[in-house]
Amino acid sequence: MLRFFRGSLPAQLLGLLLLLLALRLPLLVLQGLPLTAGELRALLVGERVHGGALPYRDLYDGTAPLAVYLFGGLDWVGARPVFLYRALALALLLLQALRLNFVLNRADAFPDRGYLAALVYVVVGSLSTDLDALSPLLVGHTFVVFALSALIPTSREGYDNRRLFRAGFLIGLAGLCYLPLVLFAGVGLLAVIIFAANAFRSFLLLLCGLLFPYAVAATYFLYVGALPNFVQFHLEPGWHNFRAGAPSGLPLALQLRLLALPAAVLSLATMRGLGTPLGPVFQAKFRQLMIAWLLVALAVLAGGGGTAPGALVLLLPPLAYFSLFLWQASRPAWAPEVIFLVLLAAVAVVRYRALVPGLETVLRLPAESSFAPRPDPSLAGLHNQHLFVLGPDHRAYLTNSSATPYLDWHLALSDFDYLDQYAAVVRIGRQVGANPPAYILDQSHLLPQLRHLLPRVFGAYKPAGLPNLYRHVRAIK
């Protein structure tokens with residue numbers, strides 16, 4: 001198989017696409033993929049934005065602005081377009097693989113050419129169904145991969161201003177999809193030190209490009225009156241903000257077990273790559289750059305708490321590059337083919353483990369689908385209603401729509417944890433009273449206090465016959 005993908009003809013590209021579909025589609029056909037917590041959150045955000053809500057002003061959610069508007073645009077195409085989310089996730093993964101492969105070939109970063117880097121990218125990227133779902137990290141990582149080509153000079157004279165500014169601009173766009181991705185500016189800094197003659201001036205150009213998207217976003221939110229919340233929900237420093245999307249991802253224990261296979265291959269490939277002498281000086285410098293890429297990817301992974309949806313994609317570029325050293329000619333000649341076939345078989349086993357009885361127990365890897373949100377049986381009779389959940393459990397939104405700006409409960413606590421303050425009570429009354437929800441699910445048992453503080457807004461809700469569920473007196477049964 002490796003011999004086939006060493007070429008760079010259209011036949012190899014078609015074979016790559018067929019292999020990707022063969023790895024991914026059978027599981028979706030045989031078992032299906034339930035709606036993940038990250039996808040549910042994205043769908044709720046998209047519904048609110050499509051309905052006219054402005055991020056950070058009419059929406060209490062920490063999703064980055066570019067991802068917010070992408071989800072809103074997808075909801076404009078169709079109500080809760082889950083299929084479109086899955087198709088876009090597949091297209092982005094393939095696009096990243098082909099772009100990275102193109103950059104490696106064009107820059108002669110490795111002695112051999114072909115589609116081997118893209119092959120490893122799509123194979124390992126099919127390990128977990130976590131990358132079958134669209135996530136802000138997956139979207140933002142696409143900009144990072146495209147920034148790589150702008151970080152590599154095309155001539156001995158070094159960079160031109162437009163390329164460095166474009167690289168910073170793309171990393172800034174990545175940060176507007178998923179904030180920790182701005183750490184890849186560190187890769188840009190190392191590229192400038194390695195390749196540029198005037199490192200300080202070149203880094204200033206990179207920094208200007210990085211800050212430009214944020215300057216535009218901050219100006220926009222300033223004019224619409226959402227800048228304070230933009231700073232609080234998206235820009236405020238600290239690990240808490242970096243982990244804002246963590247509850248929507250897989251549990252840390254499962255994520256670490258899923259990352260064990262790519263981490264093992266990456267470790268083996270990196271040791272092989274560092275011990276392999278390279279010919280041109282440029283190839284040695286590019287290897288240094290990919291080491292920095294790996295370190296920054298690990299930092300971004302840690303910044304998301306290791307549980308951000310789509311975390312595996314961070315390891316794919318350095319893995320695809322360093323794995324090229326594993327596929328070099330060696331003795332015996334069949335060893336690279338056997339190693340790759342073992343990797344392919346391991347990916348297939350891990351991906352399809354839920355279809356083989358007892359295999360999950362042997363591998364100690366429960367299926368990712370077992371952590372997907374399930375409808376609450378106690379709310380089986382509640383469907384297609386405008387709902388407000390006073391609490392962190394969003395399962396009720398699987399069959400209902402959000403009626404208030406308070407999507408992320410941890411951010412909503414900036415109001416609901418301060419009911420003894422006048423400003424917080426006024427904000428709640430304004431946000432909820434503008435369009436009263438038909439139902440309130442009071443998971444936090446705050447409704448009695450809210451009735452006392454805001455009788456005109458919350459006094460019209462009566463018990464609906466289900467635990468902690470209240471119905472507006474004007475709601476239609």
# chains A, B, ... in the order shown; residues from 1 in each chain; ligands from 1

call {"tool": "residues_around", "arguments": {"residues": "range 265-267 of chain A", "least_positions_apart": "5", "cutoff": "9 Å", "atoms": "only C-alpha atoms", "output": "count of residues only"}}
result
9

call {"tool": "select_by_dssp", "arguments": {"residues": "range 253-447 of chain A", "states": "alpha helix (DSSP H)", "output": "PyMOL selection string"}}
result
chain A and resi 253-274+281-303+316-323+335-351+359-363+409-416+422-433+447

call {"tool": "atom_distance", "arguments": {"atom1": "CA of Gly433 in chain A", "atom2": "CA of Val457 in chain A"}}
result
5.4 Å

call {"tool": "closest_residue", "arguments": {"among": "A:Asp132, A:Asp408, A:Asp376, A:Asp415", "to": "Ala89 in chain A", "atoms": "only C-alpha atoms"}}
result
A:Asp132

call {"tool": "residues_around", "arguments": {"residues": "range 91-98 of chain A", "least_positions_apart": "4", "cutoff": "7 Å", "atoms": "only C-alpha atoms", "output": "list in words"}}
result
Ala87, Phe102, Ala118, Tyr121, Val122, Thr142 and Val145 of chain A

call {"tool": "residues_around", "arguments": {"residues": "Pro336 in chain A", "least_positions_apart": "2", "cutoff": "7 Å", "atoms": "only C-alpha atoms", "output": "VMD selection string"}}
result
chain A and resid 326 to 327 334 338 to 340

call {"tool": "residues_around", "arguments": {"residues": "range 54-62 of chain A", "least_positions_apart": "6", "cutoff": "10 Å", "atoms": "only C-alpha atoms", "output": "VMD selection string"}}
result
chain A and resid 41 45 48 68 to 69 178 221 224 to 235 241 to 245 404 to 414 431

call {"tool": "residues_around", "arguments": {"residues": "range 435-445 of chain A", "least_positions_apart": "4", "cutoff": "10 Å", "atoms": "only C-alpha atoms", "output": "ChimeraX atom specification"}}
result
/A:379,382,385-393,396,401-404,416,429-431,449-450,457-458,460-464,466-477

call {"tool": "atom_distance", "arguments": {"atom1": "CA of Phe5 in chain A", "atom2": "CA of Val281 in chain A"}}
result
26.3 Å

call {"tool": "closest_residue", "arguments": {"among": "A:Glu39, A:Glu236, A:Asp130, A:Asp75", "to": "Ser369 in chain A", "atoms": "only C-alpha atoms"}}
result
A:Asp130

call {"tool": "residues_around", "arguments": {"residues": "Leu250 in chain A", "least_positions_apart": "3", "cutoff": "9 Å", "atoms": "only C-alpha atoms", "output": "ChimeraX atom specification"}}
result
/A:37,130,246-247,253-255,306-309,368,371-372

call {"tool": "write_last_selection", "arguments": {"atoms": "N, CA, C and O atoms", "output": "compact mmCIF listing (two decimals), in the first residue's frame"}}
result
# COMPACT_ATOMS: atom_id res chain seq x y z
N ALA A 37 -22.22 15.93 22.63
CA ALA A 37 -22.45 17.11 23.45
C ALA A 37 -21.93 18.36 22.76
O ALA A 37 -22.54 19.44 22.82
N ASP A 130 -14.67 11.13 17.43
CA ASP A 130 -14.64 12.51 17.89
C ASP A 130 -14.37 13.47 16.74
O ASP A 130 -14.85 14.61 16.74
N ALA A 246 -14.41 22.33 27.38
CA ALA A 246 -14.10 20.99 27.83
C ALA A 246 -15.31 20.15 28.17
O ALA A 246 -15.34 18.97 27.87
N PRO A 247 -16.36 20.70 28.84
CA PRO A 247 -17.50 19.85 29.16
C PRO A 247 -18.18 19.23 27.95
O PRO A 247 -18.91 18.26 28.09
N ALA A 253 -10.11 10.52 30.82
CA ALA A 253 -9.57 9.16 30.84
C ALA A 253 -9.73 8.48 29.49
O ALA A 253 -8.80 7.83 28.99
N LEU A 254 -10.90 8.62 28.88
CA LEU A 254 -11.13 8.02 27.56
C LEU A 254 -10.28 8.71 26.49
O LEU A 254 -9.71 8.04 25.62
N GLN A 255 -10.18 10.02 26.57
CA GLN A 255 -9.40 10.75 25.57
C GLN A 255 -7.93 10.34 25.61
O GLN A 255 -7.29 10.16 24.57
N GLY A 306 -7.28 18.67 27.64
CA GLY A 306 -7.20 17.34 27.05
C GLY A 306 -8.53 16.78 26.62
O GLY A 306 -8.59 15.67 26.11
N THR A 307 -9.60 17.53 26.81
CA THR A 307 -10.94 17.01 26.52
C THR A 307 -11.71 17.85 25.53
O THR A 307 -12.91 17.62 25.33
N ALA A 308 -11.07 18.84 24.92
CA ALA A 308 -11.79 19.65 23.94
C ALA A 308 -12.20 18.78 22.75
O ALA A 308 -11.44 17.92 22.31
N PRO A 309 -13.41 18.96 22.23
CA PRO A 309 -13.84 18.17 21.06
C PRO A 309 -12.87 18.34 19.89
O PRO A 309 -12.48 19.45 19.55
N GLU A 368 -17.28 5.98 22.13
CA GLU A 368 -17.53 7.40 22.32
C GLU A 368 -19.03 7.70 22.38
O GLU A 368 -19.46 8.61 23.07
N PHE A 371 -21.03 8.19 25.66
CA PHE A 371 -20.95 9.45 26.41
C PHE A 371 -21.76 10.56 25.76
O PHE A 371 -21.73 11.70 26.21
N ALA A 372 -22.47 10.23 24.70
CA ALA A 372 -23.33 11.22 24.05
C ALA A 372 -24.56 11.49 24.92
O ALA A 372 -25.04 10.59 25.63

call {"tool": "atom_distance", "arguments": {"atom1": "CA of Pro180 in chain A", "atom2": "CA of Val139 in chain A"}}
result
13.0 Å

call {"tool": "closest_residue", "arguments": {"among": "A:Arg201, A:His50, A:Arg162, A:Arg351", "to": "Leu23 in chain A", "atoms": "only C-alpha atoms"}}
result
A:Arg351

call {"tool": "closest_residue", "arguments": {"among": "A:Gly279, A:Gly249, A:Gly465, A:Pro455", "to": "Val425 in chain A", "atoms": "only C-alpha atoms"}}
result
A:Pro455

call {"tool": "closest_residue", "arguments": {"among": "A:Gly305, A:Pro136, A:Pro34, A:Gly125", "to": "Val347 in chain A", "atoms": "only C-alpha atoms"}}
result
A:Gly125

call {"tool": "decode", "arguments": {"residues": "range 194-209 of chain A", "atoms": "all heavy atoms", "output": "CSV table (one decimal), in the first residue's frame"}}
result
chain,number,residue,atom,x,y,z
A,194,ILE,N,14.4,31.0,12.3
A,194,ILE,CA,15.2,30.1,11.5
A,194,ILE,C,15.4,30.6,10.1
A,194,ILE,O,16.6,30.5,9.6
A,194,ILE,CB,14.4,28.7,11.5
A,194,ILE,CG1,14.4,28.1,12.8
A,194,ILE,CG2,15.1,27.8,10.4
A,194,ILE,CD1,13.6,26.8,12.9
A,195,PHE,N,14.4,31.2,9.5
A,195,PHE,CA,14.5,31.5,8.1
A,195,PHE,C,14.7,32.9,7.7
A,195,PHE,O,15.2,33.2,6.6
A,195,PHE,CB,13.2,31.1,7.4
A,195,PHE,CG,12.9,29.6,7.5
A,195,PHE,CD1,11.8,29.1,8.1
A,195,PHE,CD2,13.8,28.7,6.8
A,195,PHE,CE1,11.6,27.7,8.2
A,195,PHE,CE2,13.5,27.3,6.9
A,195,PHE,CZ,12.4,26.8,7.6
A,196,ALA,N,14.4,33.9,8.6
A,196,ALA,CA,14.4,35.3,8.2
A,196,ALA,C,15.7,35.9,8.6
A,196,ALA,O,16.4,35.6,9.6
A,196,ALA,CB,13.3,36.1,8.9
A,197,ALA,N,16.1,36.9,7.8
A,197,ALA,CA,17.4,37.6,8.0
A,197,ALA,C,17.2,38.7,9.1
A,197,ALA,O,18.0,38.8,10.0
A,197,ALA,CB,17.9,38.3,6.7
A,198,ASN,N,16.1,39.4,9.1
A,198,ASN,CA,15.8,40.4,10.1
A,198,ASN,C,14.6,39.9,10.9
A,198,ASN,O,13.4,40.1,10.7
A,198,ASN,CB,15.3,41.7,9.4
A,198,ASN,CG,15.2,42.9,10.4
A,198,ASN,OD1,15.0,42.7,11.6
A,198,ASN,ND2,15.4,44.1,9.9
A,199,ALA,N,15.0,39.1,12.0
A,199,ALA,CA,14.0,38.4,12.7
A,199,ALA,C,13.0,39.3,13.5
A,199,ALA,O,11.8,39.1,13.5
A,199,ALA,CB,14.7,37.5,13.7
A,200,PHE,N,13.5,40.4,14.0
A,200,PHE,CA,12.7,41.3,14.8
A,200,PHE,C,11.6,41.9,14.0
A,200,PHE,O,10.4,41.9,14.3
A,200,PHE,CB,13.5,42.3,15.6
A,200,PHE,CG,12.7,43.3,16.4
A,200,PHE,CD1,12.1,42.9,17.6
A,200,PHE,CD2,12.5,44.6,16.0
A,200,PHE,CE1,11.3,43.7,18.4
A,200,PHE,CE2,11.7,45.5,16.7
A,200,PHE,CZ,11.1,45.0,17.9
A,201,ARG,N,12.0,42.5,12.8
A,201,ARG,CA,11.1,43.2,11.9
A,201,ARG,C,10.1,42.1,11.4
A,201,ARG,O,8.9,42.4,11.3
A,201,ARG,CB,11.8,43.8,10.8
A,201,ARG,CG,10.9,44.5,9.7
A,201,ARG,CD,11.8,45.2,8.7
A,201,ARG,NE,11.0,45.7,7.6
A,201,ARG,CZ,10.6,45.0,6.6
A,201,ARG,NH1,10.9,43.8,6.4
A,201,ARG,NH2,9.8,45.6,5.6
A,202,SER,N,10.6,40.9,11.1
A,202,SER,CA,9.7,39.9,10.5
A,202,SER,C,8.7,39.5,11.6
A,202,SER,O,7.5,39.2,11.2
A,202,SER,CB,10.5,38.7,10.0
A,202,SER,OG,11.4,39.1,9.0
A,203,PHE,N,9.1,39.4,12.8
A,203,PHE,CA,8.1,39.0,13.8
A,203,PHE,C,7.1,40.0,14.1
A,203,PHE,O,5.9,39.7,14.4
A,203,PHE,CB,8.9,38.6,15.1
A,203,PHE,CG,7.9,38.2,16.3
A,203,PHE,CD1,7.3,37.0,16.2
A,203,PHE,CD2,7.7,39.0,17.4
A,203,PHE,CE1,6.4,36.6,17.2
A,203,PHE,CE2,6.8,38.6,18.4
A,203,PHE,CZ,6.2,37.4,18.3
A,204,LEU,N,7.5,41.3,14.0
A,204,LEU,CA,6.5,42.4,14.1
A,204,LEU,C,5.4,42.3,13.0
A,204,LEU,O,4.2,42.5,13.3
A,204,LEU,CB,7.1,43.7,14.0
A,204,LEU,CG,8.0,44.2,15.3
A,204,LEU,CD1,8.6,45.5,15.0
A,204,LEU,CD2,7.1,44.1,16.5
A,205,LEU,N,5.8,41.9,11.8
A,205,LEU,CA,4.8,41.7,10.7
A,205,LEU,C,3.9,40.5,11.1
A,205,LEU,O,2.7,40.6,10.9
A,205,LEU,CB,5.5,41.4,9.4
A,205,LEU,CG,6.2,42.6,8.8
A,205,LEU,CD1,7.1,42.1,7.6
A,205,LEU,CD2,5.2,43.6,8.3
A,206,LEU,N,4.5,39.4,11.6
A,206,LEU,CA,3.7,38.3,12.0
A,206,LEU,C,2.7,38.7,13.1
A,206,LEU,O,1.5,38.3,13.1
A,206,LEU,CB,4.6,37.2,12.5
A,206,LEU,CG,3.9,35.9,12.9
A,206,LEU,CD1,3.4,35.1,11.7
A,206,LEU,CD2,4.9,35.0,13.7
A,207,LEU,N,3.2,39.5,14.1
A,207,LEU,CA,2.3,39.9,15.2
A,207,LEU,C,1.2,40.8,14.7
A,207,LEU,O,0.1,40.7,15.2
A,207,LEU,CB,3.2,40.6,16.2
A,207,LEU,CG,2.5,41.0,17.5
A,207,LEU,CD1,2.0,39.7,18.3
A,207,LEU,CD2,3.5,41.8,18.4
A,208,CYS,N,1.5,41.7,13.8
A,208,CYS,CA,0.4,42.6,13.2
A,208,CYS,C,-0.6,41.7,12.6
A,208,CYS,O,-1.8,42.0,12.7
A,208,CYS,CB,1.1,43.6,12.3
A,208,CYS,SG,2.0,44.9,13.0
A,209,GLY,N,-0.2,40.7,11.8
A,209,GLY,CA,-1.2,39.9,11.2
A,209,GLY,C,-2.0,39.1,12.2
A,209,GLY,O,-3.3,38.9,12.0
